[in-house]
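Listing of input.txt; format and content: compact mmCIF, C-alpha atoms.
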```
# COMPACT_ATOMS: atom_id res chain seq x y z
CA MET A 1 46.25 -129.65 16.63
CA LEU A 2 49.74 -128.24 16.10
CA ILE A 3 49.87 -129.64 12.58
CA THR A 4 46.56 -128.01 11.77
CA ALA A 5 47.79 -124.67 13.10
CA ILE A 6 50.95 -124.95 11.00
CA ARG A 7 48.91 -125.81 7.91
CA VAL A 8 46.71 -122.78 8.50
CA ALA A 9 49.73 -120.53 8.96
CA VAL A 10 51.37 -121.87 5.80
CA GLY A 11 48.12 -121.46 3.89
CA MET A 12 47.73 -117.85 5.07
CA ASN A 13 51.31 -117.07 4.14
CA THR A 14 50.87 -118.66 0.74
CA VAL A 15 47.79 -116.56 0.06
CA LYS A 16 49.52 -113.45 1.32
CA ILE A 17 52.57 -114.06 -0.86
CA ALA A 18 50.42 -114.85 -3.89
CA LEU A 19 48.41 -111.65 -3.45
CA THR A 20 51.57 -109.59 -2.97
CA LEU A 21 53.05 -111.05 -6.17
CA LEU A 22 49.78 -110.36 -7.97
CA THR A 23 49.84 -106.75 -6.78
CA ILE A 24 53.41 -106.29 -7.98
CA ALA A 25 52.69 -107.95 -11.33
CA ILE A 26 49.62 -105.89 -12.17
CA THR A 27 51.23 -102.68 -10.98
CA VAL A 28 54.66 -103.02 -12.52
CA GLY A 29 53.71 -105.15 -15.54
CA PRO A 30 52.00 -102.46 -17.63
CA LEU A 31 54.74 -99.96 -16.83
CA VAL A 32 57.48 -102.37 -17.87
CA TYR A 33 55.51 -103.23 -21.03
CA VAL A 34 55.20 -99.58 -22.09
CA VAL A 35 58.83 -98.83 -21.30
CA PHE A 36 59.80 -101.87 -23.37
CA ILE A 37 57.65 -100.71 -26.29
CA TYR A 38 59.17 -97.21 -26.17
CA ARG A 39 62.70 -98.35 -25.25
CA ASP A 40 64.12 -96.68 -28.37
CA ASN A 41 62.17 -93.48 -27.85
CA LEU A 42 61.70 -92.73 -24.17
CA VAL A 43 60.33 -89.25 -24.94
CA GLY A 44 57.40 -91.09 -26.51
CA LEU A 45 56.39 -92.20 -23.02
CA VAL A 46 55.12 -88.73 -22.23
CA LEU A 47 54.51 -87.41 -25.74
CA PRO A 48 51.38 -88.68 -27.48
CA PRO A 49 52.13 -90.25 -30.90
CA GLN A 50 49.83 -87.73 -32.61
CA PHE A 51 51.93 -84.85 -31.30
CA ALA A 52 55.17 -86.58 -32.18
CA ASN A 53 53.96 -86.77 -35.82
CA LEU A 54 52.88 -83.14 -35.67
CA GLY A 55 56.32 -82.16 -34.39
CA GLN A 56 57.97 -84.04 -37.26
CA ASN A 57 55.71 -82.32 -39.82
CA LEU A 58 56.45 -78.96 -38.26
CA GLY A 59 60.19 -79.63 -38.33
CA GLN A 60 60.09 -80.67 -41.98
CA ASN A 61 58.00 -77.67 -42.98
CA MET A 62 60.25 -75.26 -41.12
CA SER A 63 63.35 -76.77 -42.71
CA ASN A 64 61.68 -76.37 -46.10
CA GLY A 65 60.75 -72.78 -45.27
CA ASN A 66 57.11 -73.71 -45.67
CA LEU A 67 54.74 -72.77 -42.87
CA SER A 68 51.50 -73.07 -44.76
CA SER A 69 48.63 -73.92 -42.45
CA SER A 70 47.35 -76.46 -44.95
CA GLN A 71 50.39 -78.61 -44.18
CA PHE A 72 49.26 -79.34 -40.66
CA ASN A 73 46.93 -82.14 -39.92
CA ILE A 74 46.19 -81.79 -36.24
CA THR A 75 42.48 -82.32 -36.71
CA GLY A 76 42.73 -85.51 -38.72
CA SER A 77 41.44 -83.76 -41.82
CA ASP A 78 43.23 -81.13 -43.84
CA PHE A 79 42.45 -77.57 -42.91
CA GLN A 80 41.30 -75.56 -45.92
CA MET A 81 41.97 -71.89 -46.32
CA PRO A 82 38.78 -69.79 -46.64
CA GLN A 83 37.89 -69.16 -50.27
CA LEU A 84 36.62 -65.85 -51.59
CA VAL A 85 33.16 -66.50 -53.01
CA SER A 86 32.90 -63.45 -55.28
CA ALA A 87 34.61 -60.14 -55.88
CA PRO A 88 34.55 -57.91 -52.80
CA GLN A 89 32.07 -55.05 -52.95
CA TYR A 90 33.19 -51.53 -52.13
CA ASN A 91 31.35 -48.23 -51.90
CA PRO A 92 33.87 -45.45 -52.53
CA ASP A 93 31.48 -42.79 -51.23
CA THR A 94 31.05 -44.29 -47.78
CA GLY A 95 34.17 -46.47 -47.62
CA GLU A 96 32.02 -49.47 -46.74
CA PHE A 97 33.01 -52.84 -48.08
CA SER A 98 31.71 -56.36 -47.89
CA LEU A 99 33.04 -59.71 -48.96
CA SER A 100 31.95 -63.31 -48.63
CA LEU A 101 34.17 -66.20 -47.75
CA ASN A 102 33.46 -69.89 -48.06
CA VAL A 103 34.76 -71.50 -44.90
CA THR A 104 34.91 -75.27 -44.30
CA ASN A 105 34.83 -76.68 -40.79
CA PRO A 106 37.39 -79.51 -40.69
CA LEU A 107 36.50 -80.46 -37.12
CA THR A 108 34.15 -83.09 -35.80
CA ASN A 109 32.67 -80.43 -33.53
CA GLU A 110 30.44 -77.56 -34.51
CA LEU A 111 32.51 -74.44 -35.11
CA SER A 112 30.97 -71.27 -33.77
CA ILE A 113 32.33 -67.78 -34.29
CA ASP A 114 30.20 -65.48 -32.20
CA GLN A 115 32.19 -62.32 -32.68
CA LEU A 116 34.99 -60.99 -34.86
CA SER A 117 35.87 -57.33 -34.91
CA VAL A 118 39.03 -55.33 -35.38
CA GLN A 119 39.97 -51.72 -35.91
CA ILE A 120 42.58 -50.66 -38.47
CA GLN A 121 44.98 -47.91 -37.54
CA SER A 122 47.61 -46.21 -39.63
CA LYS A 123 51.17 -46.43 -38.33
CA ASP A 124 51.96 -42.98 -39.70
CA ASN A 125 49.58 -40.86 -37.70
CA ASN A 126 47.82 -43.41 -35.50
CA ALA A 127 44.58 -42.42 -37.18
CA LEU A 128 41.74 -44.88 -37.23
CA VAL A 129 41.26 -45.71 -40.89
CA GLY A 130 38.73 -48.52 -40.81
CA ASN A 131 37.26 -51.55 -39.18
CA ILE A 132 36.33 -55.10 -40.02
CA SER A 133 33.65 -57.27 -38.43
CA ILE A 134 31.21 -60.07 -39.05
CA PRO A 135 27.63 -58.85 -38.78
CA GLN A 136 26.22 -62.01 -37.22
CA PRO A 137 27.40 -65.11 -35.38
CA ILE A 138 28.43 -68.09 -37.48
CA ASN A 139 27.83 -71.75 -36.80
CA ILE A 140 29.32 -74.33 -39.13
CA GLN A 141 28.48 -77.98 -38.72
CA PRO A 142 31.31 -80.54 -38.69
CA GLY A 143 32.76 -81.12 -42.14
CA GLU A 144 30.40 -78.64 -43.75
CA SER A 145 31.01 -75.32 -45.46
CA SER A 146 29.33 -72.02 -44.85
CA ILE A 147 29.43 -68.55 -46.32
CA ILE A 148 30.78 -65.93 -43.94
CA ASN A 149 30.01 -62.31 -44.68
CA VAL A 150 32.61 -59.81 -43.62
CA THR A 151 31.83 -56.10 -43.59
CA GLY A 152 33.68 -52.96 -42.61
CA ILE A 153 34.97 -49.57 -43.47
CA MET A 154 38.36 -48.78 -44.92
CA PRO A 155 40.01 -46.34 -47.34
CA GLN A 156 39.83 -47.25 -51.00
CA ASP A 157 43.59 -47.51 -51.31
CA MET A 158 43.69 -50.07 -48.57
CA PHE A 159 40.76 -51.93 -50.03
CA ASN A 160 42.52 -52.08 -53.38
CA GLN A 161 45.65 -53.31 -51.68
CA ILE A 162 43.87 -56.07 -49.81
CA SER A 163 41.66 -57.10 -52.68
CA GLY A 164 44.67 -57.52 -54.95
CA GLN A 165 44.24 -54.32 -56.96
CA ASN A 166 47.44 -52.86 -55.62
CA THR A 167 47.69 -49.15 -56.32
CA GLY A 168 50.82 -48.79 -54.26
CA ASN A 169 49.51 -45.92 -52.16
CA ILE A 170 49.13 -47.81 -48.91
CA ASP A 171 51.45 -50.43 -47.62
CA VAL A 172 49.59 -53.12 -45.69
CA ASN A 173 52.64 -53.32 -43.48
CA ASN A 174 51.98 -49.73 -42.52
CA ILE A 175 48.87 -50.52 -40.53
CA ILE A 176 48.23 -51.77 -37.06
CA LEU A 177 45.25 -53.85 -36.04
CA LYS A 178 43.76 -52.56 -32.81
CA ASN A 179 41.31 -54.12 -30.40
CA LEU A 180 40.93 -57.43 -32.12
CA ASN A 181 38.09 -59.31 -30.48
CA VAL A 182 37.31 -62.87 -31.42
CA VAL A 183 34.88 -65.20 -29.72
CA VAL A 184 35.32 -68.66 -31.19
CA GLY A 185 34.25 -71.96 -29.75
CA GLY A 186 33.47 -70.33 -26.42
CA ILE A 187 36.92 -68.77 -26.14
CA LYS A 188 37.16 -64.99 -25.94
CA ILE A 189 40.38 -63.64 -27.39
CA HIS A 190 41.35 -60.00 -27.24
CA PHE A 191 44.43 -58.35 -28.65
CA ASP A 192 45.14 -54.74 -27.81
CA GLU A 193 47.33 -54.41 -30.86
CA ILE A 194 48.69 -56.58 -33.65
CA ASP A 195 51.33 -55.51 -36.10
CA PRO A 196 50.73 -57.48 -39.33
CA SER A 197 54.32 -56.97 -40.43
CA SER A 198 55.62 -58.71 -37.30
CA ILE A 199 53.32 -61.66 -37.93
CA GLN A 200 54.61 -61.89 -41.50
CA SER A 201 58.19 -61.86 -40.31
CA LEU A 202 57.40 -64.55 -37.74
CA GLY A 203 55.93 -66.71 -40.48
CA GLY A 204 58.90 -66.18 -42.73
CA LEU A 205 56.62 -64.89 -45.47
CA MET B 1 25.91 -126.35 8.87
CA GLU B 2 25.58 -122.66 8.22
CA ARG B 3 27.20 -120.93 5.26
CA ARG B 4 28.09 -117.34 5.90
CA ILE B 5 28.33 -114.65 3.26
CA ASN B 6 29.62 -111.13 3.64
CA TRP B 7 26.89 -109.38 1.70
CA PHE B 8 28.65 -106.03 1.90
CA GLY B 9 31.70 -107.67 0.35
CA LEU B 10 29.59 -109.27 -2.35
CA ALA B 11 28.04 -105.92 -3.21
CA ALA B 12 31.46 -104.21 -3.07
CA GLY B 13 32.93 -106.79 -5.44
CA ILE B 14 30.10 -106.39 -7.92
CA ILE B 15 30.16 -102.59 -7.78
CA THR B 16 33.95 -102.57 -8.15
CA LEU B 17 33.67 -104.60 -11.35
CA VAL B 18 30.84 -102.34 -12.54
CA VAL B 19 33.11 -99.33 -11.93
CA VAL B 20 35.71 -100.90 -14.22
CA VAL B 21 33.22 -101.44 -17.03
CA VAL B 22 31.63 -97.99 -16.75
CA SER B 23 35.04 -96.30 -16.46
CA LEU B 24 36.02 -97.67 -19.86
CA PHE B 25 33.32 -95.50 -21.41
CA LEU B 26 33.01 -92.54 -19.05
CA PRO B 27 35.65 -90.53 -17.21
CA TRP B 28 35.55 -90.01 -13.46
CA TRP B 29 36.02 -86.28 -13.92
CA GLN B 30 35.66 -84.22 -17.05
CA LEU B 31 36.98 -80.75 -17.76
CA THR B 32 35.58 -78.98 -20.79
CA ILE B 33 37.19 -75.84 -22.16
CA GLY B 34 35.17 -73.67 -24.50
CA ASP B 35 32.60 -75.40 -26.71
CA LYS B 36 34.33 -78.77 -26.28
CA LEU B 37 37.43 -77.36 -27.96
CA ILE B 38 39.56 -78.97 -25.30
CA GLN B 39 38.47 -81.81 -23.06
CA VAL B 40 40.24 -83.53 -20.23
CA ASN B 41 38.77 -86.90 -19.34
CA ALA B 42 40.41 -87.90 -16.10
CA SER B 43 40.01 -91.35 -14.67
CA PRO B 44 42.29 -93.91 -13.03
CA MET B 45 41.23 -96.29 -15.77
CA ASN B 46 40.87 -94.25 -18.93
CA THR B 47 42.49 -90.85 -18.92
CA ASN B 48 42.53 -89.12 -22.27
CA PHE B 49 42.51 -85.68 -23.74
CA GLY B 50 40.60 -84.07 -26.58
CA LEU B 51 41.94 -81.21 -28.63
CA LEU B 52 39.41 -80.16 -31.26
CA SER B 53 38.49 -83.49 -32.82
CA LEU B 54 41.71 -85.21 -31.85
CA GLN B 55 41.58 -87.70 -28.98
CA PHE B 56 44.85 -88.75 -27.47
CA THR B 57 46.42 -90.21 -24.39
CA ILE B 58 49.92 -90.28 -22.98
CA PRO B 59 51.55 -93.74 -23.07
CA LEU B 60 52.77 -93.50 -19.48
CA ILE B 61 49.27 -92.60 -18.30
CA TRP B 62 47.90 -95.43 -20.44
CA ALA B 63 50.16 -97.85 -18.56
CA TRP B 64 48.98 -96.45 -15.25
CA ASN B 65 45.37 -96.81 -16.43
CA LEU B 66 45.99 -100.43 -17.43
CA ALA B 67 47.51 -101.13 -14.01
CA SER B 68 44.45 -99.56 -12.38
CA ILE B 69 42.07 -101.65 -14.47
CA LEU B 70 43.90 -104.84 -13.54
CA THR B 71 44.02 -103.78 -9.90
CA PHE B 72 40.30 -103.06 -9.80
CA VAL B 73 39.43 -106.30 -11.59
CA ALA B 74 41.64 -108.29 -9.22
CA ALA B 75 40.21 -106.48 -6.21
CA GLY B 76 36.65 -107.06 -7.38
CA LEU B 77 37.17 -110.75 -8.09
CA VAL B 78 39.06 -111.38 -4.86
CA MET B 79 36.37 -109.51 -2.93
CA LEU B 80 33.71 -111.73 -4.52
CA LEU B 81 35.72 -114.81 -3.62
CA TYR B 82 36.19 -113.60 -0.07
CA SER B 83 32.50 -112.77 0.30
CA VAL B 84 31.41 -116.34 -0.13
CA ILE B 85 34.13 -117.79 2.14
CA PRO B 86 34.56 -115.18 4.87
CA THR B 87 35.23 -117.74 7.59
CA LYS B 88 38.22 -119.45 6.02
CA SER B 89 41.60 -119.00 7.65
CA TYR B 90 42.93 -117.01 4.69
CA SER B 91 39.80 -114.93 4.16
CA LYS B 92 41.20 -111.97 6.04
CA GLU B 93 44.13 -111.93 3.61
CA LEU B 94 41.72 -111.87 0.69
CA LEU B 95 39.74 -109.08 2.29
CA GLY B 96 42.86 -107.12 3.15
CA PHE B 97 43.96 -107.32 -0.46
CA SER B 98 40.65 -106.35 -2.02
CA TYR B 99 38.99 -103.77 0.20
CA LYS B 100 41.86 -101.28 0.18
CA LYS B 101 42.25 -100.98 -3.57
CA PRO B 102 39.10 -98.96 -4.45
CA ILE B 103 39.61 -96.78 -1.36
CA TYR B 104 43.22 -95.99 -2.21
CA ALA B 105 42.33 -95.38 -5.86
CA LEU B 106 39.58 -92.98 -4.88
CA ILE B 107 41.73 -91.11 -2.37
CA SER B 108 44.66 -90.93 -4.81
CA PHE B 109 42.43 -89.66 -7.60
CA VAL B 110 40.83 -86.93 -5.51
CA ALA B 111 44.20 -85.94 -4.05
CA GLY B 112 45.76 -85.80 -7.52
CA LEU B 113 42.90 -83.70 -8.80
CA LEU B 114 43.20 -81.26 -5.91
CA VAL B 115 46.96 -81.00 -6.41
CA LEU B 116 46.47 -80.25 -10.11
CA VAL B 117 43.87 -77.59 -9.34
CA ALA B 118 46.17 -76.11 -6.71
CA ILE B 119 49.08 -75.98 -9.18
CA ALA B 120 46.86 -74.33 -11.78
CA SER B 121 45.67 -71.86 -9.18
CA PHE B 122 49.28 -71.14 -8.24
CA LEU B 123 49.94 -70.34 -11.91
CA GLY B 124 47.00 -67.96 -11.91
CA VAL B 125 44.45 -70.21 -13.61
CA SER B 126 41.41 -71.05 -11.57
CA ILE B 127 39.94 -74.40 -12.60
CA PRO B 128 36.50 -75.32 -11.28
CA VAL B 129 36.43 -78.87 -9.95
CA MET B 130 32.65 -78.80 -10.11
CA GLY B 131 30.61 -76.25 -12.00
CA SER B 132 31.51 -73.62 -14.56
CA SER B 133 33.45 -70.41 -14.51
CA ASN B 134 35.05 -67.95 -16.88
CA VAL B 135 38.77 -68.48 -16.65
CA ALA B 136 41.16 -65.77 -17.76
CA LEU B 137 44.64 -66.90 -18.70
CA PRO B 138 47.44 -64.99 -16.98
CA THR B 139 48.32 -61.92 -19.06
CA GLN B 140 52.05 -62.30 -18.37
CA PHE B 141 52.09 -65.33 -20.68
CA MET B 142 50.27 -63.50 -23.48
CA PRO B 143 52.05 -61.67 -26.30
CA MET B 144 50.95 -58.38 -27.85
CA GLY B 145 48.67 -57.38 -24.99
CA ALA B 146 46.45 -60.36 -25.58
CA SER B 147 43.92 -61.60 -23.13
CA ILE B 148 42.12 -64.88 -23.38
CA SER B 149 39.16 -65.89 -21.31
CA VAL B 150 37.27 -69.08 -21.71
CA LEU B 151 34.32 -70.86 -20.20
CA VAL B 152 35.61 -73.85 -18.28
CA SER B 153 33.41 -76.45 -16.71
CA GLY B 154 34.35 -79.41 -14.57
CA SER B 155 32.12 -82.21 -13.41
CA PHE B 156 32.33 -85.59 -11.76
CA GLN B 157 30.76 -88.35 -13.79
CA LEU B 158 28.88 -91.54 -12.94
CA PRO B 159 31.97 -93.80 -12.42
CA PHE B 160 33.28 -91.46 -9.73
CA TRP B 161 30.08 -91.75 -7.71
CA LEU B 162 30.05 -95.50 -8.28
CA ALA B 163 33.64 -95.63 -7.02
CA ILE B 164 32.55 -93.83 -3.85
CA VAL B 165 29.78 -96.41 -3.37
CA ALA B 166 32.30 -99.21 -3.98
CA ALA B 167 34.73 -97.70 -1.48
CA ALA B 168 31.97 -97.29 1.11
CA LEU B 169 30.87 -100.90 0.61
CA CYS B 170 34.49 -102.03 0.94
CA ILE B 171 34.73 -100.27 4.30
CA ALA B 172 31.41 -101.79 5.32
CA ALA B 173 32.66 -105.22 4.25
CA ARG B 174 35.77 -104.78 6.36
CA LEU B 175 33.74 -103.75 9.40
CA TYR B 176 31.21 -106.52 8.86
CA HIS B 177 33.98 -109.09 8.59
CA ARG B 178 34.40 -109.08 12.37
CA ARG B 179 30.85 -110.19 12.76
CA VAL B 180 30.60 -112.58 9.88
CA ALA B 181 33.91 -114.30 10.59
CA LYS B 182 33.12 -114.81 14.24
CA VAL B 183 32.91 -118.50 15.06
CA PRO B 184 29.26 -119.17 15.84
CA LYS B 185 28.46 -120.49 19.23
CA THR B 186 26.17 -123.44 19.40
CA GLY B 187 23.19 -123.13 21.61
CA PRO B 188 19.63 -121.86 21.53
CA GLU B 189 20.51 -118.39 22.89
CA THR B 190 22.74 -117.43 19.90
CA ALA B 191 20.26 -118.66 17.36
CA ALA B 192 17.67 -116.31 18.83
CA SER B 193 19.97 -113.33 19.34
CA PRO B 194 18.95 -110.13 17.50
CA THR B 195 22.38 -109.71 15.89
CA GLU B 196 22.16 -113.13 14.33
CA THR B 197 18.66 -112.31 13.08
CA MET B 198 20.05 -109.21 11.37
CA SER B 199 22.99 -111.16 10.10
CA THR B 200 23.12 -111.83 6.42
CA SER B 201 24.21 -115.38 6.82
CA VAL B 202 22.19 -117.99 5.00
CA SER B 203 21.56 -121.60 5.51
CA ALA B 204 23.54 -123.91 3.37
```
Would you encode the structure as structure tokens?
Amino acid sequence: MLITAIRVAVGMNTVKIALTLLTIAITVGPLVYVVFIYRDNLVGLVLPPQFANLGQNLGQNMSNGNLSSSQFNITGSDFQMPQLVSAPQYNPDTGEFSLSLNVTNPLTNELSIDQLSVQIQSKDNNALVGNISIPQPINIQPGESSIINVTGIMPQDMFNQISGQNTGNIDVNNIILKNLNVVVGGIKIHFDEIDPSSIQSLGGL
Amino acid sequence: MERRINWFGLAAGIITLVVVVVSLFLPWWQLTIGDKLIQVNASPMNTNFGLLSLQFTIPLIWAWNLASILTFVAAGLVMLLYSVIPTKSYSKELLGFSYKKPIYALISFVAGLLVLVAIASFLGVSIPVMGSSNVALPTQFMPMGASISVLVSGSFQLPFWLAIVAAALCIAARLYHRRVAKVPKTGPETAASPTETMSTSVSA
């Protein structure tokens, strides 16, 4: 009777010890494994490898003085700058302009731009000199390209400046973008005011 | 001779293993920002993040996920083993090991989620645990008078509800253990007792 009781007690303890060791092994094991893998780069434990590569690319580009967006590969496919489809159209009588851009969606998700509008103000006299907007929402399927029409009103000098026919009368750095509203991918972004010259200086352009 | 089975434990073991399999493909809780621009797939077993088309995880979280998978698998298997031998001397040890794991995991996950939401709320960002809402980012972090608002939706997925079922069955298995592990008395009165009729024991 006593021997049986001892055997039972030993058996229970054995099971208990085995289960405790199992708990420790399966809890600590993966952690030790990952720490061992990243022993030379402990920051990598909390920084995803994709972002570590992105940080390296960014560092190299900044050291080269090159901040071109096409250098970044966060989406797994190279981002392409929008291409002008044809020469921008401008009506000097009304100041209305329109241009078409070919935009490629590098994402694996549908890209939707529901709204894009901005007012252009002169720095000299704070006068409203024009506006830019897209007349209708845009949906671009993953990996596909679409033509985006951009319309607006602006002075001819500014139009010439932007369209590459620089007449020298208006400095693009002398304007301020007001009330920029963008709705892209379900995110509403509003800027009260953007100074293009400050963006250029930030980009080192 | 009568062979007893803890049916609640058997069900708990099976559901626990099902939770593991389903959790490999679906998160317990998903947060979607914008039109799937950013996704947070939170789960004790497969937490990952989506930024645009990029899916990534954090190695430390991956290790924690792997530990959780192993823990759940061990708990499920041990619970199954216990269920068919609930009257052995060491069965209570097996039960004690296995029934707590899904419960602790569930409580830890919900607690962690609530803490994260509370921290976000403290920073001025209101994250919906369930449902959708327009979330405006705090303007003090925005340059040039910018304001950003985005549709954010959070939802619990199938594995979370399965985990609740598994946890409930684990509790039931623990409670039922007292009855199933009780040494049966011999005699005609116990064989005819209503509790034994309801019992899930089967004849060997």
Original post:
Hey, can you pull every residue with an atom no more than 9 Å from (38.7, -81.6, -11.1), using only C-alpha atoms, and send it as a ChimeraX atom specification?
Top reply: /B:29-31,42,110,112-114,116-117,127-130,154-156
Original post:
Looking at B:Ala118, B:Val40, B:Ile61, B:Leu77, which one is nearest to Ile14 in chain B, with distances taken over all atoms listed in the file?
Top reply: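 Among B:Ala118, B:Val40, B:Ile61, B:Leu77, it is B:Leu77 that comes nearest to Ile14 in chain B.
Using all atoms listed in the file, the nearest neighbour of Val183 in chain A within the list B:Asn65, B:Ser149, B:Val125, B:Ser83 is B:Ser149.
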Original post:
Taking only C-alpha atoms into account, what are the residues of chain B at most 6 Å from chain A, put as a count of residues only?
Top reply: 17
Please list as a PDB file with C-alpha atoms, in the coordinates of the input every residue within 10 Å of Phe8 in chain B, counting only C-alpha atoms and excluding residues in the same chain fewer than 3 positions away.
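What follows is the written file out_10.pdb:
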```
ATOM      1  CA  ILE B   5      28.330-114.650   3.260  1.00  0.00           C
ATOM      2  CA  ALA B  11      28.040-105.920  -3.210  1.00  0.00           C
ATOM      3  CA  ALA B  12      31.460-104.210  -3.070  1.00  0.00           C
ATOM      4  CA  GLY B  13      32.930-106.790  -5.440  1.00  0.00           C
ATOM      5  CA  ILE B  14      30.100-106.390  -7.920  1.00  0.00           C
ATOM      6  CA  MET B  79      36.370-109.510  -2.930  1.00  0.00           C
ATOM      7  CA  LEU B  80      33.710-111.730  -4.520  1.00  0.00           C
ATOM      8  CA  SER B  83      32.500-112.770   0.300  1.00  0.00           C
ATOM      9  CA  ALA B 166      32.300 -99.210  -3.980  1.00  0.00           C
ATOM     10  CA  ALA B 168      31.970 -97.290   1.110  1.00  0.00           C
ATOM     11  CA  LEU B 169      30.870-100.900   0.610  1.00  0.00           C
ATOM     12  CA  CYS B 170      34.490-102.030   0.940  1.00  0.00           C
ATOM     13  CA  ILE B 171      34.730-100.270   4.300  1.00  0.00           C
ATOM     14  CA  ALA B 172      31.410-101.790   5.320  1.00  0.00           C
ATOM     15  CA  ALA B 173      32.660-105.220   4.250  1.00  0.00           C
ATOM     16  CA  ARG B 174      35.770-104.780   6.360  1.00  0.00           C
ATOM     17  CA  LEU B 175      33.740-103.750   9.400  1.00  0.00           C
ATOM     18  CA  TYR B 176      31.210-106.520   8.860  1.00  0.00           C
ATOM     19  CA  HIS B 177      33.980-109.090   8.590  1.00  0.00           C
ATOM     20  CA  THR B 200      23.120-111.830   6.420  1.00  0.00           C
TER      21      THR B 200
END
```
Subject >> Coordinates-based distance that separates CA of Ala18 in chain A from CA of Ser43 in chain B (Å, one decimal) >> reply: 27.9 Å
Subject >> Neighbour list for Leu99 in chain A as a PyMOL selection string, cut-off 9 Å, all atoms listed in the file, skip fewer than 6 positions in-chain >> reply: chain A and resi 84-90+148-151
Original post:
Could you state the separation of CA of Leu162 in chain B and CA of Val19 in chain B in Å, given to one decimal place?
Top reply: 6.1 Å
Original post:
How many Å lie between CA of Pro135 in chain A and CA of Asp157 in chain A, rounded to one decimal?
Top reply: 23.2 Å
**OP:** Considering all atoms listed in the file, return as a ChimeraX atom specification whatever protein or nucleic-acid residues lie within 12 Å of Leu24 in chain B, sequence-local ones (same chain, fewer than 6 positions apart) excluded.
**Re:** /B:17-18,41-48,65-66,68-69,158-159
Subject >> Which of B:Val73, B:Glu93, B:Ile85, B:Ser108 sits closest to Trp7 in chain B [using only C-alpha atoms] >> reply: B:Ile85
**OP:** Find the residues around Phe97 in chain A up to 12 Å (all atoms listed in the file counted), leave out those fewer than 4 positions away in its own chain, and share them as a PyMOL selection string.
**Re:** chain A and resi 87-93+130-134+149-156+158-160+162-163
Original post:
Taking all atoms listed in the file into account, which of B:Pro27, B:Pro86, B:Gly76, B:Gly50 comes nearest Arg179 in chain B?
Top reply: B:Pro86
